[in-house]
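To start, the structure itself, in structure tokens.
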Amino acid sequence: MVGVLLIGYGARECSIADAFSRSPQKPDLYIADRQKNPFNVAIAKEHAVIPNLDVGGIVEFAKKHKDQIDFGIVGPENPIINGVRDEVEKLGVPMICPTREFALEGSKARQRLLLEECCPEANPRFKIFDSKDYASTEEAKKELVLWLEELDNKVAVKPDKPALGKGVGVWGDHFNTREQIIEHFFSIYPSPVIVEEKIDGEEFSLQFFTDGFNLVPAPAVRDYKRAFDNDAGPNTGGMGSYKDAGNILPFMTNKDLDDATATGKRIFKKLGPSDGLRGIMYLAFTCAEDGLKVFEINSRLGMPEAQCIMPVLKDDFVEVCFDMINGNVKNMHFDKKATVATYKVPPTYGGKERVFENRAVDLTKALELKSKYGDDIRIYPCSMEVTNGKTRAMNSRTVCAVGIADSIQAAREISLDGINAVKGDLWNRTDIASAGHIKKSIENMKRLRRMC
Ligand code: GLY
């Protein structure tokens, strides 16, 4: 019997657990979770709550079951950045995630400098503001103002350290005056800040699976980062996502995908090849007028991007994982289906409202839709816990409904049916993968490509 250690807390890890459950090998899952996620509790052979997913707690859990565990896989970035692979592998359990050395999301500055070396054309113009380099705050401010002059204020301001997209401020979206940029900058500084050129364009994510030597891309996925419809409001961890039936998205060209894959390969080559890279390489791109720009690199699957690819993975995911460990990853196969993922979130999420009192959530009706849609619907709880058979929402994204169909619009119908059937004081974006939103993306790319 194969045993798998799975570390996570959200809908992304439910989609990974779900992929394992479809394996003919029927592995036993040993899940280390931040809370009693109802999906994980139901599917796990052993389930442990480790509230901060700290490496020490994970190692203790792994040690207890190490004779039954063949390998481990990690969803979120924090344990990866904190060296979970390095520590768990000391027990003799191979891990699917990069070593601490290759956890690139630990520093956005490092990502920019790496891109400068291997794919400068995919880097926006940027400047790293490190307080070590300035004698005083005034000096840093002077330099910032000069840089804003040069970029005509059209910038994105990002903390060096991971902030799940939430510490990022963008011209035109989060600020409209130079004073607001400076205020945002100093809400982060003296911690290091990256101020980079704002790139106009459409975004997509490309997730690669790797054994450290071979790099295999999954189909492209669109993430909806902003809290409200029409891409208004603050950045969030992602309110939903979609993928088309093929490998590209409706606003992309095949060349975009080829260029994105080539960029991934160049970054990979610059870093390795190395067994330490085993796991996931996630690249977020902006399709701009003059080609692709990378705006983020992670060493984990995206959330909600994972939920758009894992349900349509045709291969036995246990075998894929063994191949990743043995340096044998080749092509991966995905059903030629479109997928749409929509989240329902608490009233306080994205700063929408100030209080969240009634936290009861009932998934019964949503789960019953399985009798209508079969495997074409997946309900993945996220920041939710089950106690004495009752499910309640916590503070972050609550639950994700994934629809799977031949077209994006048909998948969207299923996803919306699922999310509307979730009962609780929660809300969701209504325009995830809508025909109108996709049309806007296509038109925006046509306009930008004409400009080039
Ligand atoms: N959805 C963005 C991320 O996972 O980083």
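Labels for the structure tokens follow display order: chains A, B, ..., residues from 1 in each chain, ligands from 1.
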Test item: residues lying within 8 Å of ligand 1 with only C-alpha atoms and all ligand atoms, as a PDB file with N, CA, C and O atoms, in the first residue's frame:
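Ended up saving to out.pdb:
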```
ATOM      1  N   LEU A 164       1.212  37.006  -0.192  1.00  0.00           N
ATOM      2  CA  LEU A 164       0.065  36.386  -0.863  1.00  0.00           C
ATOM      3  C   LEU A 164      -0.648  37.385  -1.770  1.00  0.00           C
ATOM      4  O   LEU A 164      -1.864  37.435  -1.836  1.00  0.00           O
ATOM      5  N   GLY A 165       0.125  38.210  -2.448  1.00  0.00           N
ATOM      6  CA  GLY A 165      -0.440  39.164  -3.400  1.00  0.00           C
ATOM      7  C   GLY A 165      -1.047  40.384  -2.735  1.00  0.00           C
ATOM      8  O   GLY A 165      -1.439  41.333  -3.391  1.00  0.00           O
ATOM      9  N   ASP A 223      -6.092  33.440 -13.482  1.00  0.00           N
ATOM     10  CA  ASP A 223      -6.480  33.666 -12.088  1.00  0.00           C
ATOM     11  C   ASP A 223      -7.154  35.028 -11.977  1.00  0.00           C
ATOM     12  O   ASP A 223      -6.761  35.969 -12.672  1.00  0.00           O
ATOM     13  N   TYR A 224      -8.165  35.158 -11.144  1.00  0.00           N
ATOM     14  CA  TYR A 224      -8.824  36.456 -10.893  1.00  0.00           C
ATOM     15  C   TYR A 224      -8.398  36.947  -9.518  1.00  0.00           C
ATOM     16  O   TYR A 224      -8.947  36.513  -8.512  1.00  0.00           O
ATOM     17  N   LYS A 225      -7.430  37.859  -9.510  1.00  0.00           N
ATOM     18  CA  LYS A 225      -6.846  38.257  -8.222  1.00  0.00           C
ATOM     19  C   LYS A 225      -7.677  39.284  -7.471  1.00  0.00           C
ATOM     20  O   LYS A 225      -7.678  39.314  -6.249  1.00  0.00           O
ATOM     21  N   GLY A 237      -5.962  36.449  -2.604  1.00  0.00           N
ATOM     22  CA  GLY A 237      -5.231  35.246  -3.015  1.00  0.00           C
ATOM     23  C   GLY A 237      -5.752  34.707  -4.342  1.00  0.00           C
ATOM     24  O   GLY A 237      -5.124  33.848  -4.956  1.00  0.00           O
ATOM     25  N   GLY A 238      -6.893  35.212  -4.831  1.00  0.00           N
ATOM     26  CA  GLY A 238      -7.505  34.710  -6.073  1.00  0.00           C
ATOM     27  C   GLY A 238      -8.959  34.347  -5.794  1.00  0.00           C
ATOM     28  O   GLY A 238      -9.243  33.572  -4.887  1.00  0.00           O
ATOM     29  N   GLU A 296       5.616  36.932 -11.313  1.00  0.00           N
ATOM     30  CA  GLU A 296       5.746  36.183 -10.061  1.00  0.00           C
ATOM     31  C   GLU A 296       6.280  34.783 -10.339  1.00  0.00           C
ATOM     32  O   GLU A 296       5.915  34.171 -11.331  1.00  0.00           O
ATOM     33  N   ASN A 298       6.758  31.060  -8.219  1.00  0.00           N
ATOM     34  CA  ASN A 298       6.530  30.315  -6.977  1.00  0.00           C
ATOM     35  C   ASN A 298       7.026  28.883  -7.138  1.00  0.00           C
ATOM     36  O   ASN A 298       7.166  28.388  -8.257  1.00  0.00           O
ATOM     37  N   ARG A 300       5.357  26.271  -5.925  1.00  0.00           N
ATOM     38  CA  ARG A 300       4.174  25.491  -5.527  1.00  0.00           C
ATOM     39  C   ARG A 300       3.099  25.701  -6.572  1.00  0.00           C
ATOM     40  O   ARG A 300       3.203  26.606  -7.400  1.00  0.00           O
ATOM     41  N   LEU A 301       2.057  24.876  -6.518  1.00  0.00           N
ATOM     42  CA  LEU A 301       0.910  25.108  -7.401  1.00  0.00           C
ATOM     43  C   LEU A 301       0.180  26.365  -6.944  1.00  0.00           C
ATOM     44  O   LEU A 301       0.207  26.716  -5.756  1.00  0.00           O
ATOM     45  N   GLY A 302      -0.458  27.037  -7.870  1.00  0.00           N
ATOM     46  CA  GLY A 302      -1.254  28.207  -7.513  1.00  0.00           C
ATOM     47  C   GLY A 302      -2.579  27.784  -6.888  1.00  0.00           C
ATOM     48  O   GLY A 302      -3.058  26.661  -7.083  1.00  0.00           O
ATOM     49  N   MET A 303      -3.162  28.698  -6.150  1.00  0.00           N
ATOM     50  CA  MET A 303      -4.511  28.482  -5.615  1.00  0.00           C
ATOM     51  C   MET A 303      -5.302  29.725  -6.006  1.00  0.00           C
ATOM     52  O   MET A 303      -4.977  30.793  -5.504  1.00  0.00           O
ATOM     53  N   PRO A 304      -6.214  29.665  -6.955  1.00  0.00           N
ATOM     54  CA  PRO A 304      -6.979  28.498  -7.412  1.00  0.00           C
ATOM     55  C   PRO A 304      -6.496  27.858  -8.720  1.00  0.00           C
ATOM     56  O   PRO A 304      -7.252  27.050  -9.289  1.00  0.00           O
ATOM     57  N   GLU A 305      -5.289  28.115  -9.190  1.00  0.00           N
ATOM     58  CA  GLU A 305      -4.888  27.516 -10.462  1.00  0.00           C
ATOM     59  C   GLU A 305      -4.843  25.985 -10.390  1.00  0.00           C
ATOM     60  O   GLU A 305      -5.159  25.304 -11.365  1.00  0.00           O
TER      61      GLU A 305
END
```
Write out as a PyMOL selection string all residues of range 270-345 of chain A that DSSP puts in strand (DSSP E) for this structure's backbone.
chain A and resi 279-288+291-298+338-344
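When only C-alpha atoms are used to compute distances to Thr263 in chain A, the closest of the residues A:Glu13, A:Glu117, A:Asp152, A:Asp315 turns out to be A:Glu117.
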Leaving out Pro311 in chain A and any residue of its chain fewer than 5 positions from it, which residues lie within 8 Å of it when counting only C-alpha atoms, given as a count of residues only?
3
Sel. of alpha helix (DSSP H) residues, range 316-407 of chain A, as a PyMOL selection string:
chain A and resi 317-325+364-368+370-373
N, CA and C atoms of the current selection, written as a PDB file, in the first residue's frame:
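The new file part.pdb reads:
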```pdb
ATOM      1  N   PHE A 317      -1.692  10.106 -10.561  1.00  0.00           N
ATOM      2  CA  PHE A 317      -0.837  11.098  -9.905  1.00  0.00           C
ATOM      3  C   PHE A 317       0.192  10.444  -8.972  1.00  0.00           C
ATOM      4  N   VAL A 318      -0.113   9.261  -8.458  1.00  0.00           N
ATOM      5  CA  VAL A 318       0.881   8.552  -7.639  1.00  0.00           C
ATOM      6  C   VAL A 318       2.092   8.226  -8.501  1.00  0.00           C
ATOM      7  N   GLU A 319       1.834   7.735  -9.732  1.00  0.00           N
ATOM      8  CA  GLU A 319       2.949   7.409 -10.638  1.00  0.00           C
ATOM      9  C   GLU A 319       3.724   8.662 -11.022  1.00  0.00           C
ATOM     10  N   VAL A 320       2.988   9.770 -11.285  1.00  0.00           N
ATOM     11  CA  VAL A 320       3.668  11.030 -11.619  1.00  0.00           C
ATOM     12  C   VAL A 320       4.618  11.401 -10.475  1.00  0.00           C
ATOM     13  N   CYS A 321       4.149  11.251  -9.242  1.00  0.00           N
ATOM     14  CA  CYS A 321       4.986  11.616  -8.086  1.00  0.00           C
ATOM     15  C   CYS A 321       6.212  10.707  -7.991  1.00  0.00           C
ATOM     16  N   PHE A 322       6.015   9.399  -8.200  1.00  0.00           N
ATOM     17  CA  PHE A 322       7.188   8.497  -8.187  1.00  0.00           C
ATOM     18  C   PHE A 322       8.159   8.898  -9.302  1.00  0.00           C
ATOM     19  N   ASP A 323       7.612   9.268 -10.471  1.00  0.00           N
ATOM     20  CA  ASP A 323       8.486   9.709 -11.572  1.00  0.00           C
ATOM     21  C   ASP A 323       9.255  10.977 -11.181  1.00  0.00           C
ATOM     22  N   MET A 324       8.583  11.856 -10.444  1.00  0.00           N
ATOM     23  CA  MET A 324       9.274  13.083 -10.020  1.00  0.00           C
ATOM     24  C   MET A 324      10.426  12.744  -9.070  1.00  0.00           C
ATOM     25  N   ILE A 325      10.198  11.765  -8.240  1.00  0.00           N
ATOM     26  CA  ILE A 325      11.251  11.382  -7.279  1.00  0.00           C
ATOM     27  C   ILE A 325      12.394  10.668  -7.996  1.00  0.00           C
ATOM     28  N   THR A 364     -24.232  20.691   2.003  1.00  0.00           N
ATOM     29  CA  THR A 364     -25.050  19.534   1.604  1.00  0.00           C
ATOM     30  C   THR A 364     -25.589  19.666   0.183  1.00  0.00           C
ATOM     31  N   LYS A 365     -26.232  20.803  -0.107  1.00  0.00           N
ATOM     32  CA  LYS A 365     -26.875  20.967  -1.423  1.00  0.00           C
ATOM     33  C   LYS A 365     -25.825  20.977  -2.534  1.00  0.00           C
ATOM     34  N   ALA A 366     -24.693  21.605  -2.257  1.00  0.00           N
ATOM     35  CA  ALA A 366     -23.631  21.653  -3.275  1.00  0.00           C
ATOM     36  C   ALA A 366     -23.116  20.243  -3.550  1.00  0.00           C
ATOM     37  N   LEU A 367     -22.928  19.472  -2.485  1.00  0.00           N
ATOM     38  CA  LEU A 367     -22.408  18.108  -2.670  1.00  0.00           C
ATOM     39  C   LEU A 367     -23.439  17.219  -3.382  1.00  0.00           C
ATOM     40  N   GLU A 368     -24.717  17.520  -3.155  1.00  0.00           N
ATOM     41  CA  GLU A 368     -25.770  16.723  -3.821  1.00  0.00           C
ATOM     42  C   GLU A 368     -25.743  16.901  -5.343  1.00  0.00           C
ATOM     43  N   LYS A 370     -23.557  16.380  -7.236  1.00  0.00           N
ATOM     44  CA  LYS A 370     -22.811  15.267  -7.835  1.00  0.00           C
ATOM     45  C   LYS A 370     -23.777  14.310  -8.544  1.00  0.00           C
ATOM     46  N   SER A 371     -24.978  14.196  -8.011  1.00  0.00           N
ATOM     47  CA  SER A 371     -25.940  13.282  -8.661  1.00  0.00           C
ATOM     48  C   SER A 371     -26.360  13.842 -10.028  1.00  0.00           C
ATOM     49  N   LYS A 372     -26.260  15.175 -10.201  1.00  0.00           N
ATOM     50  CA  LYS A 372     -26.598  15.779 -11.496  1.00  0.00           C
ATOM     51  C   LYS A 372     -25.377  15.795 -12.436  1.00  0.00           C
ATOM     52  N   TYR A 373     -24.218  16.152 -11.888  1.00  0.00           N
ATOM     53  CA  TYR A 373     -23.053  16.394 -12.758  1.00  0.00           C
ATOM     54  C   TYR A 373     -21.979  15.302 -12.692  1.00  0.00           C
TER      55      TYR A 373
END
```
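Of the residues under consideration (A:Arg100, A:Arg429, A:Lys265, A:Lys26), A:Arg429 shows the shortest atom-to-atom contact distance to Tyr343 in chain A when counting only C-alpha atoms.
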Using only C-alpha atoms, what does the table of range 314-388 of chain A residues within 12 Å of range 47-53 of chain A look like, with each row giving the shortest atom pair and its distance in Å to one decimal, sorted by chain and ascending number, as JSON lines?
```
{"residue": "A:Ser383", "atom": "CA", "partner": "A:Pro51", "partner_atom": "CA", "distance": 12.0}
{"residue": "A:Glu385", "atom": "CA", "partner": "A:Val49", "partner_atom": "CA", "distance": 10.6}
{"residue": "A:Val386", "atom": "CA", "partner": "A:Val49", "partner_atom": "CA", "distance": 11.8}
```
Distance table requested - range 26-118 of chain A against range 124-127 of chain A, cut-off 12 Å, only C-alpha atoms: one row per qualifying residue with the closest atom pair and its distance in Å to one decimal, ordered by chain and rising residue number, as a Markdown table.
```
| residue | atom | partner | partner_atom | distance |
| --- | --- | --- | --- | --- |
| A:Lys108 | CA | A:Phe126 | CA | 10.9 |
| A:Ala109 | CA | A:Lys127 | CA | 8.8 |
| A:Arg110 | CA | A:Lys127 | CA | 11.8 |
| A:Gln111 | CA | A:Phe126 | CA | 11.3 |
| A:Arg112 | CA | A:Phe126 | CA | 7.7 |
| A:Leu113 | CA | A:Phe126 | CA | 9.6 |
| A:Leu115 | CA | A:Pro124 | CA | 9.7 |
| A:Glu116 | CA | A:Pro124 | CA | 9.4 |
```
Serialized selection, N, CA and C atoms, as a short mmCIF file (atom, residue, chain, number, x, y, z; two decimals), in the first residue's frame:
```cif
data_model
loop_
_atom_site.label_atom_id
_atom_site.label_comp_id
_atom_site.auth_asym_id
_atom_site.auth_seq_id
_atom_site.Cartn_x
_atom_site.Cartn_y
_atom_site.Cartn_z
N LYS A 108 11.13 38.45 -3.71
CA LYS A 108 10.80 38.94 -5.05
C LYS A 108 12.02 39.62 -5.68
N ALA A 109 12.87 40.19 -4.84
CA ALA A 109 14.09 40.81 -5.36
C ALA A 109 14.95 39.74 -6.02
N ARG A 110 15.07 38.60 -5.35
CA ARG A 110 15.87 37.51 -5.93
C ARG A 110 15.29 37.08 -7.29
N GLN A 111 13.96 37.04 -7.38
CA GLN A 111 13.32 36.66 -8.65
C GLN A 111 13.70 37.64 -9.76
N ARG A 112 13.62 38.93 -9.44
CA ARG A 112 13.94 39.95 -10.45
C ARG A 112 15.40 39.83 -10.90
N LEU A 113 16.30 39.62 -9.93
CA LEU A 113 17.72 39.54 -10.26
C LEU A 113 18.01 38.28 -11.09
N LEU A 115 15.85 36.79 -13.13
CA LEU A 115 15.32 37.03 -14.48
C LEU A 115 16.26 37.94 -15.26
N GLU A 116 16.86 38.89 -14.58
CA GLU A 116 17.77 39.81 -15.25
C GLU A 116 18.92 39.04 -15.90
#
```
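Between CA of Lys336 in chain A and CA of Asp406 in chain A there is a distance of 7.5 Å.
Among the candidates A:Asn420, A:Thr387, A:Asn82, A:Gln409, the residue lying nearest to Gln35 in chain A is A:Thr387 (atoms considered: only C-alpha atoms).
Near Gly201 in chain A, within 7 Å and counting only C-alpha atoms, sit Thr286, Cys287, Ala288 and Met445 of chain A; same-chain residues fewer than 6 positions away were not included.
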Any idea what's packed within 9 Å of Ile248 in chain A, counting only C-alpha atoms, ignoring anything in its chain fewer than 5 positions away? Could you give it as a PDB file with all heavy atoms, in the first residue's frame?
```
ATOM      1  N   PRO A 219      -1.463  22.948 -18.714  1.00  0.00           N
ATOM      2  CA  PRO A 219      -2.130  24.002 -19.500  1.00  0.00           C
ATOM      3  C   PRO A 219      -2.165  25.335 -18.741  1.00  0.00           C
ATOM      4  O   PRO A 219      -2.120  25.370 -17.505  1.00  0.00           O
ATOM      5  CB  PRO A 219      -3.552  23.441 -19.670  1.00  0.00           C
ATOM      6  CG  PRO A 219      -3.411  21.967 -19.497  1.00  0.00           C
ATOM      7  CD  PRO A 219      -2.316  21.759 -18.512  1.00  0.00           C
ATOM      8  N   ALA A 220      -2.259  26.425 -19.519  1.00  0.00           N
ATOM      9  CA  ALA A 220      -2.305  27.766 -18.916  1.00  0.00           C
ATOM     10  C   ALA A 220      -3.633  27.982 -18.196  1.00  0.00           C
ATOM     11  O   ALA A 220      -4.671  27.447 -18.604  1.00  0.00           O
ATOM     12  CB  ALA A 220      -2.140  28.817 -20.012  1.00  0.00           C
ATOM     13  N   VAL A 221      -3.582  28.776 -17.137  1.00  0.00           N
ATOM     14  CA  VAL A 221      -4.772  29.072 -16.323  1.00  0.00           C
ATOM     15  C   VAL A 221      -4.846  30.574 -16.080  1.00  0.00           C
ATOM     16  O   VAL A 221      -3.823  31.231 -15.880  1.00  0.00           O
ATOM     17  CB  VAL A 221      -4.701  28.341 -14.957  1.00  0.00           C
ATOM     18  CG1 VAL A 221      -5.936  28.658 -14.111  1.00  0.00           C
ATOM     19  CG2 VAL A 221      -4.566  26.837 -15.133  1.00  0.00           C
ATOM     20  N   LYS A 243      -9.607  27.560 -17.113  1.00  0.00           N
ATOM     21  CA  LYS A 243      -8.715  27.047 -18.162  1.00  0.00           C
ATOM     22  C   LYS A 243      -9.596  26.617 -19.319  1.00  0.00           C
ATOM     23  O   LYS A 243     -10.745  26.222 -19.113  1.00  0.00           O
ATOM     24  CB  LYS A 243      -7.861  25.904 -17.594  1.00  0.00           C
ATOM     25  CG  LYS A 243      -8.091  24.569 -18.230  1.00  0.00           C
ATOM     26  CD  LYS A 243      -7.123  23.539 -17.787  1.00  0.00           C
ATOM     27  CE  LYS A 243      -7.125  22.286 -18.650  1.00  0.00           C
ATOM     28  NZ  LYS A 243      -7.846  22.238 -19.887  1.00  0.00           N
ATOM     29  N   THR A 253      -1.969  33.379 -27.789  1.00  0.00           N
ATOM     30  CA  THR A 253      -1.614  32.697 -29.030  1.00  0.00           C
ATOM     31  C   THR A 253      -0.743  31.488 -28.666  1.00  0.00           C
ATOM     32  O   THR A 253      -0.204  31.420 -27.545  1.00  0.00           O
ATOM     33  CB  THR A 253      -0.786  33.620 -29.943  1.00  0.00           C
ATOM     34  OG1 THR A 253       0.421  33.963 -29.235  1.00  0.00           O
ATOM     35  CG2 THR A 253      -1.543  34.885 -30.304  1.00  0.00           C
ATOM     36  N   ASN A 254      -0.592  30.583 -29.626  1.00  0.00           N
ATOM     37  CA  ASN A 254       0.310  29.451 -29.364  1.00  0.00           C
ATOM     38  C   ASN A 254       1.726  29.946 -29.103  1.00  0.00           C
ATOM     39  O   ASN A 254       2.474  29.359 -28.317  1.00  0.00           O
ATOM     40  CB  ASN A 254       0.302  28.482 -30.543  1.00  0.00           C
ATOM     41  CG  ASN A 254      -0.972  27.651 -30.532  1.00  0.00           C
ATOM     42  OD1 ASN A 254      -1.420  27.199 -29.475  1.00  0.00           O
ATOM     43  ND2 ASN A 254      -1.586  27.482 -31.694  1.00  0.00           N
ATOM     44  N   ASP A 256       2.520  32.640 -27.509  1.00  0.00           N
ATOM     45  CA  ASP A 256       2.603  33.037 -26.088  1.00  0.00           C
ATOM     46  C   ASP A 256       2.973  31.832 -25.227  1.00  0.00           C
ATOM     47  O   ASP A 256       3.809  31.919 -24.330  1.00  0.00           O
ATOM     48  CB  ASP A 256       1.260  33.608 -25.596  1.00  0.00           C
ATOM     49  CG  ASP A 256       0.920  34.947 -26.235  1.00  0.00           C
ATOM     50  OD1 ASP A 256       1.850  35.697 -26.593  1.00  0.00           O
ATOM     51  OD2 ASP A 256      -0.293  35.243 -26.376  1.00  0.00           O
ATOM     52  N   LEU A 257       2.298  30.717 -25.510  1.00  0.00           N
ATOM     53  CA  LEU A 257       2.567  29.518 -24.703  1.00  0.00           C
ATOM     54  C   LEU A 257       3.995  29.030 -24.943  1.00  0.00           C
ATOM     55  O   LEU A 257       4.707  28.667 -23.993  1.00  0.00           O
ATOM     56  CB  LEU A 257       1.563  28.409 -25.041  1.00  0.00           C
ATOM     57  CG  LEU A 257       1.698  27.162 -24.174  1.00  0.00           C
ATOM     58  CD1 LEU A 257       1.384  27.462 -22.713  1.00  0.00           C
ATOM     59  CD2 LEU A 257       0.793  26.037 -24.660  1.00  0.00           C
TER      60      LEU A 257
END
```
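Remark: for Met384 in chain A, the closest of the candidate residues A:Arg354, A:Lys270, A:Arg226, A:Lys344 is A:Lys344 (distances computed over only C-alpha atoms).
Using only C-alpha atoms, the nearest neighbour of Glu149 in chain A within the list A:Phe71, A:Asp231, A:Lys66, A:Glu197 is A:Glu197.
If you look at CA of Ile96 in chain A and CA of Arg278 in chain A, they are 6.1 Å away from each other.
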